[in-house]
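A.B. asks: Mind looking over this structure? Questions follow.
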Amino acid sequence: MAVSIRPLRPTIGGEVEGVDLTKPLSPEDVAAIEAGMDEYAVLVFHNQNFTDEQQKAFSRNFGALEIPGKVSNIQKAEARRIDGQMADVSNLDKDQNPLAKDDRIRMFGLGNRLWHSDSSFRAVPAKYSLLSGRIVPAQGGNTEFADMRAAYDALDDKTKARIEDLVCEHSLLYSRGKLGFEGLSEEETANFKPVRQRLVRTHPVTGRKSLYLSAHIGKIVGWETPEARIFIQDLTEDATRPEFVYSHEWKQYDFVVWDNRQVMHRVRAFDDLNERRDMRRTTVAGEEMTVEQAA
């Protein structure tokens with residue numbers, strides 16, 4: 001059966017059938033999926049009961065894996081629950097129990113409920129994120145995706161001209177600071193040194209322009225900080241209007257792939273103190289910076 005994709009929303013999201021991602025794929029299937037990503041920016045696959053090795057193998061069809069580490073989180077290596085080449089975006093400790101209410105990792109992870117783009121805080125930001133729902137809560141925990149291409153297209157010409165050459169600083173310091181997260185060590189603060197990204201990106205295949213927004217933005221180069229932050233907040237509110245958003249309601253073994261060059265996303269709240277949510281993400285590394293970094 002050939003790969004087929006059904007649109008989920010007018011501008012974003014496709015539901016894929018006709019492929020078992022746990023098995024090696026033909027070059028034709030890989031090409032069809034990548035073409036679908038270029039068009040829909042978010043692809044949903046159902047009933048993909050991965051092992052970690054199978055998920056990594058599938059992800060490598062689209063590039064090298066980005067390895068999580070100290071630039072991405074505050075979790076120590078010895079506290080990791082899953083494969084070190086994957087990001088653990090769950091609410092579970094090493095004993096598979098929900099994290100305590102005041103657990104530092106839980107507090108830091110609440111930042112995922114802000115609109116963001118994965119790894120925009122890296123000098124070379126991520127290409128794809130690939131998320132496997134191993135255990136999902138009975139209610140809540142949806143993941144929402146906002147189409148940054150459609151959001152850019154909807155801007156008036158004056159705003160497009162104003163933002164065309166703007167460069168922003170991204171850091172986990174900014175996104176976690178919005179939540180009042182405190183107590184970072186000197187090492188953690190150094191790990192989260194801000195990087196620069198263009199505010200307007202052009203997709204390397206389609207040529208479409210999109211906004212590169214994220215909760216990780218704290219400054220616009222050359223602007224006063226208060227003016228920059230209120231401007232980014234206004235852009236974000238406009239870019240996440242309902243007509244630009246697809247909300248994915250997870251079922252066990254759903255697998256969702258999104259293009260960080262074209263969308264923002266956020267997770268919605270669920271009863272994370274009592275329900276288990278085991279979500280494992282592989283990330284395909286990007287290939288180039290959006291702008292040259294300051295020394």
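How things are named: the first chain in the structure tokens is A, the next is B, and so on; residues count from 1 in each chain; ligands count from 1 in the order shown.
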Could you name the residues that touch range 188-190 of chain A at 9 Å or less, counting only C-alpha atoms, but leaving out those on the same chain fewer than 6 positions away, as a PyMOL selection string?
C.D. replies: chain A and resi 70-71+73-74+173
A.B. asks: Write out as a list in words the residues lying within 6 Å of Met264 in chain A, counting only C-alpha atoms and excluding same-chain residues fewer than 2 positions away.
C.D. replies: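 Surrounding residues, per the criterion: His116, Ser117, Phe145 and Ala146 of chain A.
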A.B. asks: Rounded to one decimal in Å, what is the spacing between CA of Lys193 in chain A and CA of Glu288 in chain A?
C.D. replies: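 Pair CA of Lys193 in chain A / CA of Glu288 in chain A returns 18.5 Å.
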A.B. asks: Each residue of range 121-175 of chain A lying at most 7 Å from range 251-263 of chain A should get a row with its shortest atom-to-atom pair and the distance in Å to one decimal, counting only C-alpha atoms; could you produce that, ordered by chain and increasing number, as CSV?
C.D. replies:
residue,atom,partner,partner_atom,distance
A:Ala126,CA,A:Asn260,CA,6.4
A:Lys127,CA,A:Asn260,CA,5.6
A:Tyr128,CA,A:Asp259,CA,4.6
A:Ser129,CA,A:Trp258,CA,5.5
A:Leu130,CA,A:Val257,CA,4.4
A:Leu131,CA,A:Val256,CA,5.3
A:Ser132,CA,A:Phe255,CA,4.6
A:Gly133,CA,A:Tyr253,CA,5.0
A:Arg134,CA,A:Tyr253,CA,5.5
A:Ile135,CA,A:Gln252,CA,5.8
A:Val136,CA,A:Gln252,CA,5.8
A:Phe145,CA,A:Val263,CA,6.3
A:Ala146,CA,A:Val263,CA,5.4
A:Asp147,CA,A:Val263,CA,4.9
A:Met148,CA,A:Val263,CA,5.1
A:Arg149,CA,A:Gln262,CA,6.1
A.B. asks: Export C-alpha atoms of the chosen residues as a compact mmCIF listing (two decimals), in the first residue's frame?
C.D. replies:
# COMPACT_ATOMS: atom_id res chain seq x y z
CA ALA A 126 16.71 21.59 14.72
CA LYS A 127 15.08 20.41 11.50
CA TYR A 128 12.44 17.83 12.51
CA SER A 129 11.08 16.72 15.87
CA LEU A 130 9.61 13.20 16.01
CA LEU A 131 7.49 12.35 19.05
CA SER A 132 6.24 8.91 20.07
CA GLY A 133 3.31 8.54 22.47
CA ARG A 134 4.18 5.41 24.44
CA ILE A 135 1.75 6.11 27.34
CA VAL A 136 -0.79 8.92 27.08
CA PHE A 145 0.96 23.29 16.40
CA ALA A 146 0.85 26.78 14.88
CA ASP A 147 1.59 27.32 11.20
CA MET A 148 4.27 30.02 10.96
CA ARG A 149 3.99 30.11 7.17
A.B. asks: I need the residues in range 66-293 of chain A that are strand (DSSP E) according to DSSP; give them as a PyMOL selection string.
C.D. replies: chain A and resi 87-88+128-135+143-147+167-170+195-198+200-202+209-211+217-220+245-248+255-259+263-267+278-284
A.B. asks: Return as number ranges by chain the full set of residues in range 23-231 of chain A whose backbone-based DSSP assignment is alpha helix (DSSP H).
C.D. replies: A: 27-40, 52-59, 104-109, 148-153, 157-163, 172-178, 186-191, 225-231
A.B. asks: In terms of the shortest atom-to-atom distance over only C-alpha atoms, which of A:Lys178, A:Trp250, A:Asn49, A:Gly183 is closest to Ile217 in chain A?
C.D. replies: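 Using only C-alpha atoms, Ile217 in chain A sits closest to A:Lys178.
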A.B. asks: For a quick check of understanding, using only C-alpha atoms, which of A:Glu28, A:Glu66, A:Glu15, A:Glu224 has the smallest distance to Val124 in chain A?
C.D. replies: A:Glu66
A.B. asks: Taking 6 positions as the minimum chain separation for residues in the same chain, which residues sit within 7 Å of range 8-12 of chain A when counting only C-alpha atoms? Answer as a PyMOL selection string.
C.D. replies: chain A and resi 40-42+147+150+244+246
A.B. asks: Save out the residues we just selected, N, CA and C atoms, as a short mmCIF file (atom, residue, chain, number, x, y, z; two decimals), in the first residue's frame.
C.D. replies:
data_model
loop_
_atom_site.label_atom_id
_atom_site.label_comp_id
_atom_site.auth_asym_id
_atom_site.auth_seq_id
_atom_site.Cartn_x
_atom_site.Cartn_y
_atom_site.Cartn_z
N TYR A 40 2.81 19.94 4.50
CA TYR A 40 1.89 20.02 5.65
C TYR A 40 2.56 20.47 6.95
N ALA A 41 3.87 20.37 7.04
CA ALA A 41 4.67 20.81 8.20
C ALA A 41 4.50 19.93 9.44
N VAL A 42 3.35 19.26 9.57
CA VAL A 42 3.10 18.32 10.67
C VAL A 42 2.46 17.08 10.07
N ASP A 147 0.98 27.21 12.52
CA ASP A 147 1.59 27.32 11.20
C ASP A 147 2.24 28.69 11.03
N ALA A 150 1.59 30.34 7.37
CA ALA A 150 0.32 31.04 7.21
C ALA A 150 0.30 32.33 8.02
N PHE A 244 -4.79 29.15 12.49
CA PHE A 244 -3.45 28.71 12.15
C PHE A 244 -3.02 27.47 12.93
N TYR A 246 -3.33 23.51 14.62
CA TYR A 246 -3.83 22.14 14.67
C TYR A 246 -3.53 21.59 16.06
#
A.B. asks: Within 10 Å of Asn61 in chain A, counting only C-alpha atoms, which residues show up once you throw out same-chain ones fewer than 6 positions away? Write them as number ranges by chain, please.
C.D. replies: A: 24-25, 27, 30-31, 34, 284
A.B. asks: Kindly save the residues from that selection, with N, CA and C atoms included, as an mmCIF file, in the first residue's frame.
C.D. replies:
data_model
loop_
_atom_site.group_PDB
_atom_site.id
_atom_site.type_symbol
_atom_site.label_atom_id
_atom_site.label_comp_id
_atom_site.auth_asym_id
_atom_site.auth_seq_id
_atom_site.Cartn_x
_atom_site.Cartn_y
_atom_site.Cartn_z
ATOM 1 N N PRO A 24 12.126 -1.030 8.000
ATOM 2 C CA PRO A 24 12.896 -0.232 7.038
ATOM 3 C C PRO A 24 12.017 0.246 5.891
ATOM 4 N N LEU A 25 12.217 1.494 5.475
ATOM 5 C CA LEU A 25 11.390 2.097 4.428
ATOM 6 C C LEU A 25 12.120 2.112 3.097
ATOM 7 N N PRO A 27 13.183 3.967 -0.440
ATOM 8 C CA PRO A 27 13.488 5.366 -0.770
ATOM 9 C C PRO A 27 12.255 6.143 -1.219
ATOM 10 N N VAL A 30 10.301 7.189 1.911
ATOM 11 C CA VAL A 30 11.004 8.289 2.582
ATOM 12 C C VAL A 30 10.773 9.596 1.833
ATOM 13 N N ALA A 31 10.868 9.549 0.530
ATOM 14 C CA ALA A 31 10.664 10.754 -0.282
ATOM 15 C C ALA A 31 9.238 11.265 -0.153
ATOM 16 N N GLU A 34 8.922 12.990 3.245
ATOM 17 C CA GLU A 34 9.596 14.287 3.277
ATOM 18 C C GLU A 34 8.836 15.317 2.449
ATOM 19 N N VAL A 284 15.896 15.527 14.508
ATOM 20 C CA VAL A 284 16.815 15.567 13.378
ATOM 21 C C VAL A 284 17.505 16.922 13.382
#
A.B. asks: With distances taken over only C-alpha atoms, which of A:Ile67, A:Leu184, A:Leu92, A:Val205 is nearest to Asp38 in chain A?
C.D. replies: A:Val205
A.B. asks: Closest to Thr240 in chain A among A:Ala151, A:Leu172, A:Leu199, A:Val267, using only C-alpha atoms?
C.D. replies: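 For Thr240 in chain A, the nearest of the given residues is A:Ala151.
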A.B. asks: I'd like to know which of A:His265, A:Arg198, A:Arg162, A:Arg81 is closest to Phe231 in chain A, using only C-alpha atoms.
C.D. replies: A:Arg162
A.B. asks: Between A:Glu144, A:Tyr212, A:Leu273, A:Ser72, single out the one closest to Arg241 in chain A, counting only C-alpha atoms.
C.D. replies: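 Using only C-alpha atoms, Arg241 in chain A sits closest to A:Glu144.
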A.B. asks: Which neighbours of Ala2 in chain A fall inside 12 Å, counting only C-alpha atoms, when residues of the same chain fewer than 3 positions from it are skipped, and could you give them as a short mmCIF file (atom, residue, chain, number, x, y, z; two decimals) with N, CA and C atoms, in the first residue's frame?
C.D. replies:
data_model
loop_
_atom_site.label_atom_id
_atom_site.label_comp_id
_atom_site.auth_asym_id
_atom_site.auth_seq_id
_atom_site.Cartn_x
_atom_site.Cartn_y
_atom_site.Cartn_z
N ILE A 5 -1.74 10.75 2.27
CA ILE A 5 -1.82 11.79 3.28
C ILE A 5 -3.13 12.53 3.14
N VAL A 16 -1.23 10.37 7.91
CA VAL A 16 -0.57 9.48 6.96
C VAL A 16 -1.06 8.05 7.16
N GLU A 17 -1.30 7.38 6.06
CA GLU A 17 -1.64 5.96 6.06
C GLU A 17 -0.77 5.23 5.05
N GLY A 18 -0.74 3.90 5.19
CA GLY A 18 -0.05 3.09 4.19
C GLY A 18 1.41 2.83 4.45
N VAL A 19 1.87 3.02 5.72
CA VAL A 19 3.27 2.79 6.00
C VAL A 19 3.46 2.36 7.45
N ASP A 20 4.34 1.38 7.65
CA ASP A 20 4.72 0.92 8.98
C ASP A 20 6.12 1.44 9.26
N LEU A 25 12.22 1.49 5.48
CA LEU A 25 11.39 2.10 4.43
C LEU A 25 12.12 2.11 3.10
N SER A 26 11.34 2.07 2.04
CA SER A 26 11.91 2.22 0.71
C SER A 26 12.26 3.69 0.48
N GLU A 28 11.33 5.45 -1.89
CA GLU A 28 10.11 6.12 -2.35
C GLU A 28 9.24 6.55 -1.18
N ASP A 29 9.14 5.69 -0.15
CA ASP A 29 8.35 6.05 1.02
C ASP A 29 8.99 7.22 1.78
N VAL A 30 10.30 7.19 1.91
CA VAL A 30 11.00 8.29 2.58
C VAL A 30 10.77 9.60 1.83
N ALA A 31 10.87 9.55 0.53
CA ALA A 31 10.66 10.75 -0.28
C ALA A 31 9.24 11.27 -0.15
N ALA A 32 8.25 10.35 -0.11
CA ALA A 32 6.86 10.77 0.03
C ALA A 32 6.61 11.43 1.38
N ILE A 33 7.23 10.90 2.43
CA ILE A 33 7.06 11.49 3.76
C ILE A 33 7.72 12.86 3.82
#
A.B. asks: Just to confirm, what's the straight-line distance from CA of Leu211 in chain A to CA of Leu155 in chain A in Å (one decimal)?
C.D. replies: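 If I compute the distance from CA of Leu211 in chain A to CA of Leu155 in chain A, I get 10.1 Å.
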A.B. asks: Do you know which residues are at most 12 Å from Gly222 in chain A counting only C-alpha atoms, after dropping those on the same chain fewer than 3 positions away, and could you put them as a PyMOL selection string?
C.D. replies: chain A and resi 165-169+219+225+227-228
A.B. asks: Please produce a file of the residues just selected, as a PDB file, in the first residue's frame, where the atoms kept are N, CA and C atoms.
C.D. replies:
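part-v9.pdb, freshly written:
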ATOM      1  N   ASP A 165      14.590  41.798   8.244  1.00  0.00           N
ATOM      2  CA  ASP A 165      16.003  41.617   8.584  1.00  0.00           C
ATOM      3  C   ASP A 165      16.259  41.571  10.092  1.00  0.00           C
ATOM      4  N   LEU A 166      15.216  41.407  10.896  1.00  0.00           N
ATOM      5  CA  LEU A 166      15.412  41.391  12.336  1.00  0.00           C
ATOM      6  C   LEU A 166      16.055  40.083  12.792  1.00  0.00           C
ATOM      7  N   VAL A 167      16.890  40.200  13.824  1.00  0.00           N
ATOM      8  CA  VAL A 167      17.567  39.066  14.431  1.00  0.00           C
ATOM      9  C   VAL A 167      17.228  39.043  15.913  1.00  0.00           C
ATOM     10  N   CYS A 168      16.864  37.866  16.418  1.00  0.00           N
ATOM     11  CA  CYS A 168      16.462  37.722  17.821  1.00  0.00           C
ATOM     12  C   CYS A 168      17.471  36.864  18.574  1.00  0.00           C
ATOM     13  N   GLU A 169      17.519  37.064  19.895  1.00  0.00           N
ATOM     14  CA  GLU A 169      18.305  36.202  20.767  1.00  0.00           C
ATOM     15  C   GLU A 169      17.390  35.180  21.426  1.00  0.00           C
ATOM     16  N   LYS A 219      15.297  38.892  23.267  1.00  0.00           N
ATOM     17  CA  LYS A 219      15.764  40.177  22.767  1.00  0.00           C
ATOM     18  C   LYS A 219      15.667  40.219  21.251  1.00  0.00           C
ATOM     19  N   THR A 225      14.960  46.208  25.229  1.00  0.00           N
ATOM     20  CA  THR A 225      14.345  44.939  25.611  1.00  0.00           C
ATOM     21  C   THR A 225      12.832  45.022  25.823  1.00  0.00           C
ATOM     22  N   GLU A 227      10.584  46.974  24.505  1.00  0.00           N
ATOM     23  CA  GLU A 227       9.918  47.109  23.212  1.00  0.00           C
ATOM     24  C   GLU A 227       9.999  45.801  22.425  1.00  0.00           C
ATOM     25  N   ALA A 228      11.159  45.148  22.485  1.00  0.00           N
ATOM     26  CA  ALA A 228      11.325  43.885  21.768  1.00  0.00           C
ATOM     27  C   ALA A 228      10.371  42.820  22.288  1.00  0.00           C
TER      28      ALA A 228
END
A.B. asks: Enter the distance from CA of Glu292 in chain A to CA of Ser210 in chain A, in Å, rounded to one decimal.
C.D. replies: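 Answer for the CA of Glu292 in chain A to CA of Ser210 in chain A separation: 18.9 Å.
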A.B. asks: Would you pick out the contacts of range 100-110 of chain A at 9 Å or less, using only C-alpha atoms, so that residues sharing its chain but fewer than 3 positions from it are not included, and give the list as a compact mmCIF listing (two decimals) with C-alpha atoms, in the first residue's frame?
C.D. replies:
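File written: around_27.txt
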# COMPACT_ATOMS: atom_id res chain seq x y z
CA ASN A 73 17.97 20.71 29.95
CA ILE A 74 19.03 20.68 33.59
CA GLN A 75 18.72 16.92 33.99
CA VAL A 89 9.49 14.88 27.44
CA SER A 90 7.57 12.79 29.94
CA ASN A 91 6.48 13.42 33.52
CA LEU A 92 8.18 10.29 34.88
CA ASP A 93 11.16 9.55 37.10
CA ASN A 97 6.37 7.28 38.62
CA ARG A 113 3.54 24.60 27.77
CA LEU A 114 4.73 27.85 26.21
CA ARG A 176 12.14 29.63 31.91
CA LEU A 179 7.77 31.18 34.45
CA PHE A 181 12.14 29.52 37.32
CA ASP A 272 0.65 15.21 35.58
CA LEU A 273 0.81 14.48 39.32
